[in-house]
>>> print(open('coords-v2.cif').read())   # mmCIF, C-alpha atoms
data_structure
loop_
_atom_site.label_atom_id
_atom_site.label_comp_id
_atom_site.auth_asym_id
_atom_site.auth_seq_id
_atom_site.Cartn_x
_atom_site.Cartn_y
_atom_site.Cartn_z
CA MET A 1 -8.53 -31.08 28.43
CA LYS A 2 -6.44 -33.04 25.95
CA GLN A 3 -4.20 -30.92 23.75
CA GLN A 4 -5.05 -30.93 20.04
CA SER A 5 -2.95 -30.13 16.99
CA LEU A 6 -3.81 -26.66 15.71
CA LYS A 7 -2.87 -27.77 12.20
CA GLU A 8 -5.23 -30.74 12.35
CA GLU A 9 -8.05 -28.72 13.94
CA LEU A 10 -7.91 -26.24 11.06
CA ALA A 11 -7.28 -28.68 8.22
CA GLY A 12 -10.01 -31.02 9.43
CA ASN A 13 -12.79 -28.42 9.36
CA GLU A 14 -13.95 -27.13 6.00
CA TYR A 15 -15.82 -24.24 7.54
CA PRO A 16 -15.06 -23.17 11.14
CA GLY A 17 -16.31 -19.70 10.13
CA ARG A 18 -14.56 -17.06 12.20
CA GLY A 19 -11.96 -18.11 14.75
CA ILE A 20 -10.01 -16.67 17.68
CA ILE A 21 -6.81 -18.21 19.05
CA ILE A 22 -5.30 -16.79 22.26
CA GLY A 23 -2.35 -18.04 24.31
CA LYS A 24 1.34 -17.69 25.07
CA SER A 25 4.31 -18.19 22.76
CA GLN A 26 6.64 -21.16 23.06
CA ASP A 27 9.41 -19.01 24.60
CA GLY A 28 7.00 -17.73 27.26
CA LYS A 29 7.76 -14.12 26.41
CA HIS A 30 4.78 -13.17 24.27
CA ALA A 31 1.02 -13.06 24.50
CA VAL A 32 -0.40 -14.44 21.26
CA ALA A 33 -3.61 -13.42 19.51
CA ALA A 34 -4.91 -14.62 16.16
CA TYR A 35 -8.18 -13.99 14.38
CA PHE A 36 -9.35 -15.29 11.00
CA ILE A 37 -12.46 -14.89 8.89
CA MET A 38 -13.90 -17.17 6.24
CA GLY A 39 -16.80 -16.77 3.82
CA ARG A 40 -19.16 -18.79 1.65
CA SER A 41 -21.01 -15.95 -0.08
CA GLU A 42 -19.58 -13.38 -2.48
CA ASN A 43 -20.40 -10.64 0.05
CA SER A 44 -18.51 -12.38 2.87
CA ARG A 45 -15.53 -13.13 0.66
CA ASN A 46 -15.29 -9.54 -0.57
CA ARG A 47 -13.25 -8.38 2.41
CA VAL A 48 -9.74 -7.59 3.61
CA PHE A 49 -8.19 -6.71 6.97
CA VAL A 50 -6.60 -3.25 7.21
CA THR A 51 -4.81 -1.58 10.11
CA ASP A 52 -6.79 0.92 12.16
CA GLY A 53 -4.73 2.60 14.87
CA GLU A 54 -3.37 -0.16 17.10
CA GLY A 55 -6.08 -2.53 15.89
CA ILE A 56 -7.61 -3.62 12.60
CA ARG A 57 -10.92 -3.37 10.77
CA THR A 58 -12.58 -5.17 7.91
CA GLN A 59 -13.01 -3.36 4.61
CA ALA A 60 -14.66 -4.18 1.30
CA PHE A 61 -12.08 -5.32 -1.24
CA ASP A 62 -14.33 -4.20 -4.11
CA PRO A 63 -16.79 -1.58 -2.78
CA SER A 64 -18.98 -1.94 -5.88
CA LYS A 65 -19.77 -5.55 -4.89
CA MET A 66 -20.65 -4.83 -1.26
CA LYS A 67 -24.31 -5.68 -0.55
CA ASP A 68 -25.04 -5.74 3.19
CA PRO A 69 -22.23 -4.44 5.43
CA SER A 70 -24.13 -4.83 8.72
CA LEU A 71 -22.51 -8.05 9.98
CA ILE A 72 -19.28 -8.11 7.99
CA ILE A 73 -17.78 -4.62 8.35
CA TYR A 74 -16.46 -4.02 11.88
CA ALA A 75 -13.28 -3.63 13.97
CA PRO A 76 -12.19 -7.12 15.09
CA VAL A 77 -9.25 -5.81 17.14
CA ARG A 78 -8.97 -2.73 19.37
CA VAL A 79 -6.48 -1.78 22.09
CA LEU A 80 -7.32 0.06 25.30
CA GLY A 81 -4.29 0.62 27.51
CA ASN A 82 -3.05 -2.79 28.67
CA ASN A 83 -6.03 -4.56 27.10
CA THR A 84 -6.29 -6.04 23.63
CA ILE A 85 -9.83 -6.90 22.51
CA VAL A 86 -10.48 -9.45 19.75
CA THR A 87 -13.99 -10.34 18.56
CA ASN A 88 -15.91 -11.50 15.51
CA GLY A 89 -18.23 -8.48 15.32
CA ASP A 90 -19.08 -4.99 16.48
CA GLN A 91 -19.11 -6.21 20.08
CA THR A 92 -15.43 -5.18 20.01
CA ASP A 93 -16.76 -1.66 20.49
CA THR A 94 -19.16 -2.86 23.22
CA VAL A 95 -16.27 -4.33 25.23
CA TYR A 96 -14.08 -1.28 24.62
CA ASP A 97 -16.80 1.11 25.82
CA GLY A 98 -17.59 -1.12 28.80
CA LEU A 99 -13.98 -1.27 29.94
CA GLU A 100 -13.75 2.51 29.69
CA LYS A 101 -16.75 2.74 32.03
CA GLY A 102 -15.21 0.34 34.55
CA LEU A 103 -17.20 -2.75 33.58
CA THR A 104 -15.60 -6.17 33.34
CA PHE A 105 -15.30 -8.11 30.09
CA GLU A 106 -18.25 -10.30 31.04
CA GLN A 107 -20.39 -7.38 32.22
CA SER A 108 -19.75 -5.49 29.00
CA LEU A 109 -21.05 -8.39 26.91
CA ARG A 110 -24.26 -8.70 28.92
CA SER A 111 -25.87 -6.21 26.55
CA ARG A 112 -25.23 -8.43 23.52
CA THR A 113 -26.46 -11.78 22.21
CA PHE A 114 -25.81 -13.92 19.13
CA GLU A 115 -26.03 -12.39 15.66
CA PRO A 116 -29.50 -11.87 14.11
CA ASP A 117 -28.75 -13.95 11.02
CA GLY A 118 -31.30 -16.78 11.34
CA PRO A 119 -31.40 -19.66 10.82
CA ASN A 120 -27.66 -19.74 11.66
CA PHE A 121 -27.78 -17.32 14.62
CA THR A 122 -24.01 -17.05 14.48
CA PRO A 123 -22.36 -16.98 17.92
CA ARG A 124 -20.52 -13.88 19.03
CA ILE A 125 -17.03 -14.94 20.09
CA SER A 126 -14.77 -12.54 21.97
CA ALA A 127 -11.45 -12.42 23.81
CA LEU A 128 -9.64 -10.01 26.11
CA LEU A 129 -5.87 -10.09 26.68
CA HIS A 130 -4.60 -8.19 29.73
CA ILE A 131 -0.91 -7.47 30.30
CA GLU A 132 0.28 -5.57 33.35
CA SER A 133 3.60 -5.36 35.22
CA GLY A 134 5.00 -8.38 33.44
CA THR A 135 1.94 -10.56 34.06
CA TYR A 136 -0.54 -11.85 31.49
CA ASP A 137 -3.99 -13.37 31.59
CA PHE A 138 -6.86 -13.65 29.15
CA SER A 139 -10.56 -14.38 28.93
CA MET A 140 -12.76 -15.73 26.15
CA SER A 141 -16.51 -15.60 25.63
CA ILE A 142 -19.16 -17.14 23.43
CA LEU A 143 -22.74 -15.89 23.21
CA LYS A 144 -24.95 -18.28 21.28
CA SER A 145 -28.53 -19.39 20.76
CA ASP A 146 -29.85 -22.39 22.64
CA ASP A 147 -29.48 -24.99 19.88
CA GLY A 148 -30.87 -22.65 17.24
CA ASN A 149 -33.73 -21.30 19.38
CA GLU A 150 -33.70 -17.54 18.83
CA THR A 151 -35.66 -16.83 22.04
CA SER A 152 -32.95 -18.26 24.33
CA SER A 153 -29.37 -17.06 24.82
CA ASN A 154 -26.53 -19.08 26.29
CA ARG A 155 -23.53 -17.18 27.72
CA TYR A 156 -20.16 -18.70 28.52
CA THR A 157 -16.99 -16.98 29.77
CA PHE A 158 -13.65 -18.75 30.22
CA SER A 159 -10.74 -17.15 32.13
CA TYR A 160 -7.09 -18.19 32.00
CA GLU A 161 -4.55 -16.92 34.55
CA ASN A 162 -0.81 -17.27 33.95
CA PRO A 163 -1.29 -19.36 30.79
CA ARG A 164 1.33 -21.98 29.97
CA ALA A 165 3.96 -21.32 27.32
CA GLY A 166 3.47 -22.86 23.90
CA LEU A 167 -0.26 -23.40 24.36
CA GLY A 168 -3.38 -21.57 23.28
CA ARG A 169 -7.15 -21.73 23.31
CA PHE A 170 -9.09 -21.87 20.04
CA ILE A 171 -12.76 -20.96 19.68
CA HIS A 172 -14.69 -20.57 16.43
CA THR A 173 -18.23 -19.87 15.34
CA TYR A 174 -19.20 -23.15 13.66
CA MET A 175 -18.46 -26.80 14.36
CA LYS A 176 -18.45 -27.51 10.60
CA ASP A 177 -20.20 -26.57 7.37
CA GLY A 178 -23.95 -27.16 7.18
CA ASN A 179 -27.37 -25.62 6.61
CA PRO A 180 -28.05 -24.18 9.08
CA LEU A 181 -24.49 -23.88 10.35
CA PRO A 182 -24.04 -25.67 13.70
CA SER A 183 -22.73 -23.40 16.48
CA TYR A 184 -19.47 -24.12 18.30
CA GLU A 185 -19.83 -26.45 21.30
CA GLY A 186 -17.82 -26.81 24.52
CA GLU A 187 -14.96 -24.85 26.04
CA PRO A 188 -12.21 -23.39 23.84
CA THR A 189 -9.98 -26.12 22.41
CA LEU A 190 -6.46 -26.50 23.82
CA VAL A 191 -3.94 -26.25 20.94
CA ASP A 192 -0.21 -25.90 20.37
CA LEU A 193 1.31 -22.45 19.71
CA THR A 194 4.85 -23.38 18.77
CA GLY A 195 7.23 -21.33 16.65
CA SER A 196 7.73 -17.71 15.73
CA ILE A 197 5.01 -15.28 14.67
CA ASP A 198 5.76 -16.01 11.02
CA GLU A 199 5.67 -19.77 11.55
CA LEU A 200 2.35 -19.57 13.38
CA THR A 201 0.89 -17.26 10.74
CA ASP A 202 1.89 -19.70 8.00
CA ARG A 203 0.56 -22.70 9.94
CA ILE A 204 -2.85 -21.10 10.39
CA TRP A 205 -3.20 -19.69 6.89
CA SER A 206 -1.93 -22.75 5.03
CA ASN A 207 -4.35 -25.06 6.87
CA LEU A 208 -7.53 -23.01 6.44
CA ASN A 209 -9.77 -24.23 3.62
CA PRO A 210 -8.41 -22.52 0.47
CA ASP A 211 -11.86 -21.86 -1.01
CA ASN A 212 -13.37 -20.32 2.12
CA LYS A 213 -10.53 -18.46 3.85
CA VAL A 214 -10.58 -14.67 3.56
CA SER A 215 -8.23 -12.91 6.01
CA LEU A 216 -5.94 -13.57 8.99
CA PHE A 217 -4.52 -11.40 11.78
CA VAL A 218 -1.75 -12.56 14.14
CA ARG A 219 -0.08 -10.54 16.91
CA TYR A 220 2.74 -11.32 19.36
CA ILE A 221 2.84 -8.93 22.34
CA ASP A 222 5.98 -8.76 24.50
CA ILE A 223 4.73 -9.39 28.04
CA ALA A 224 7.60 -7.43 29.61
CA SER A 225 7.43 -4.29 27.44
CA GLY A 226 4.00 -4.33 25.80
CA LYS A 227 5.55 -3.88 22.36
CA TYR A 228 4.03 -6.00 19.61
CA GLU A 229 4.51 -7.44 16.14
CA THR A 230 1.58 -7.96 13.78
CA ARG A 231 1.00 -9.99 10.64
CA ILE A 232 -1.98 -9.58 8.30
CA VAL A 233 -2.74 -11.95 5.42
CA ASN A 234 -5.51 -11.27 2.89
CA LYS A 235 -6.63 -13.63 0.14
CA ASN A 236 -7.82 -10.64 -1.89
CA LYS A 237 -4.87 -8.63 -3.16
#
>>> encode(input="coords-v2.cif", output="structure tokens")
Amino acid sequence: MKQQSLKEELAGNEYPGRGIIIGKSQDGKHAVAAYFIMGRSENSRNRVFVTDGEGIRTQAFDPSKMKDPSLIIYAPVRVLGNNTIVTNGDQTDTVYDGLEKGLTFEQSLRSRTFEPDGPNFTPRISALLHIESGTYDFSMSILKSDDGNETSSNRYTFSYENPRAGLGRFIHTYMKDGNPLPSYEGEPTLVDLTGSIDELTDRIWSNLNPDNKVSLFVRYIDIASGKYETRIVNKNK
């Protein structure tokens, strides 16, 4: 797969929806995870990321304006031992519970499908980062309808062993804005992950559409020690 510019991928898409970027830092020392959310409706835009243990959760910025929390309030990031789970919905909990029971990432997601928000039928995108004894690998998943057909589910899992330094994989819910919104197509896009955690955070946030962006989470995890640094950016302050 040809490498793409992360800056151009973000700046060239008015509405990628929710996105997950996973990879390895330029110095080869850190596992990298990023997750962002965007919104077109007042309800979707009325959110912030807040810390929740070692992970994060979404929260209403103005509780009085919250209408339907079912698909927008969840924990996008949770940590279980050497595993960091990142998803765009409550399937974070599904993966967490599955791993606790000895299931694999893919097996855990077998109980889930795309979101019930027709006519969009938003894909469920998920990632699992695993760090152990100085080694690092990750997997990504997308569960989506078959070209908008709500009776058919398509499941794709992508696994990356010993990922290369300075590169990441980017998957998002929508190819672009539209009505209905067109689901993401293909394998996760290969993108550059150069710079420090602050430089990457700024590159992502500054290139997301200013009208639609809502919140961003970025984490660098030291592969040798497991210690991590986190950045959270919220449009609502």
>>> resolve_selection(input="coords-v2.cif", expression="the PyMOL selection byres ((chain A and resi 48-50) around 12)", output="ChimeraX atom specification")
/A:35-39,43-47,51-63,72-77,213-218,230-237
>>> resolve_selection(input="coords-v2.cif", expression="the PyMOL selection byres ((chain A and resi 84) around 12)", output="ChimeraX atom specification")
/A:22,31-34,54-56,76-83,85-87,92-93,95-96,99,105,126-132,136-140,219-221,226,228
>>> atom_distance(input="coords-v2.cif", atom1="CA of Asp147 (chain A)", atom2="CA of Ser183 (chain A)")
7.7 Å
>>> residues_around(input="coords-v2.cif", residues="region 163-175 of chain A", least_positions_apart="5", cutoff="6 Å", atoms="all atoms listed in the file", output="list in words")
Pro16, Gly17, Arg18, Gly19, Ile20, Ile21, Ile22, Gly23, Lys24, Ser25, Gln26, Gly28, Pro123, Pro182, Ser183, Tyr184, Pro188, Thr189, Leu190, Val191, Asp192, Leu193 and Thr194 of chain A
>>> residues_around(input="coords-v2.cif", residues="Gly118 (chain A)", least_positions_apart="3", cutoff="8 Å", atoms="only C-alpha atoms", output="VMD selection string")
chain A and resid 121 to 122 150
>>> atom_distance(input="coords-v2.cif", atom1="CA of Gly134 (chain A)", atom2="CA of Ile223 (chain A)")
5.5 Å
>>> atom_distance(input="coords-v2.cif", atom1="CA of Ser159 (chain A)", atom2="CA of Ser141 (chain A)")
8.8 Å
>>> closest_residue(input="coords-v2.cif", among="A:Ser153, A:Ser196, A:Ser133, A:Thr94", to="Glu115 (chain A)", atoms="only C-alpha atoms")
A:Ser153
>>> residues_around(input="coords-v2.cif", residues="Thr113 (chain A)", least_positions_apart="5", cutoff="9 Å", atoms="all atoms listed in the file", output="CSV table (one decimal) with C-alpha atoms, in the frame of the given file")
chain,number,residue,atom,x,y,z
A,123,PRO,CA,-22.4,-17.0,17.9
A,124,ARG,CA,-20.5,-13.9,19.0
A,143,LEU,CA,-22.7,-15.9,23.2
A,144,LYS,CA,-25.0,-18.3,21.3
A,145,SER,CA,-28.5,-19.4,20.8
A,153,SER,CA,-29.4,-17.1,24.8
A,154,ASN,CA,-26.5,-19.1,26.3
A,155,ARG,CA,-23.5,-17.2,27.7
>>> axis_aligned_box(input="coords-v2.cif", around="region 187-200 of chain A", padding_each_side="3 Å", output="JSON")
{"center_x": -3.6, "center_y": -20.9, "center_z": 18.5, "size_x": 28.7, "size_y": 17.2, "size_z": 21.0}
>>> closest_residue(input="coords-v2.cif", among="A:Glu42, A:Asp27, A:Glu9, A:Glu14", to="Asp222 (chain A)", atoms="all atoms listed in the file")
A:Asp27
>>> closest_residue(input="coords-v2.cif", among="A:Asn207, A:Ser70, A:Ser225, A:Thr151", to="Asn13 (chain A)", atoms="all atoms listed in the file")
A:Asn207
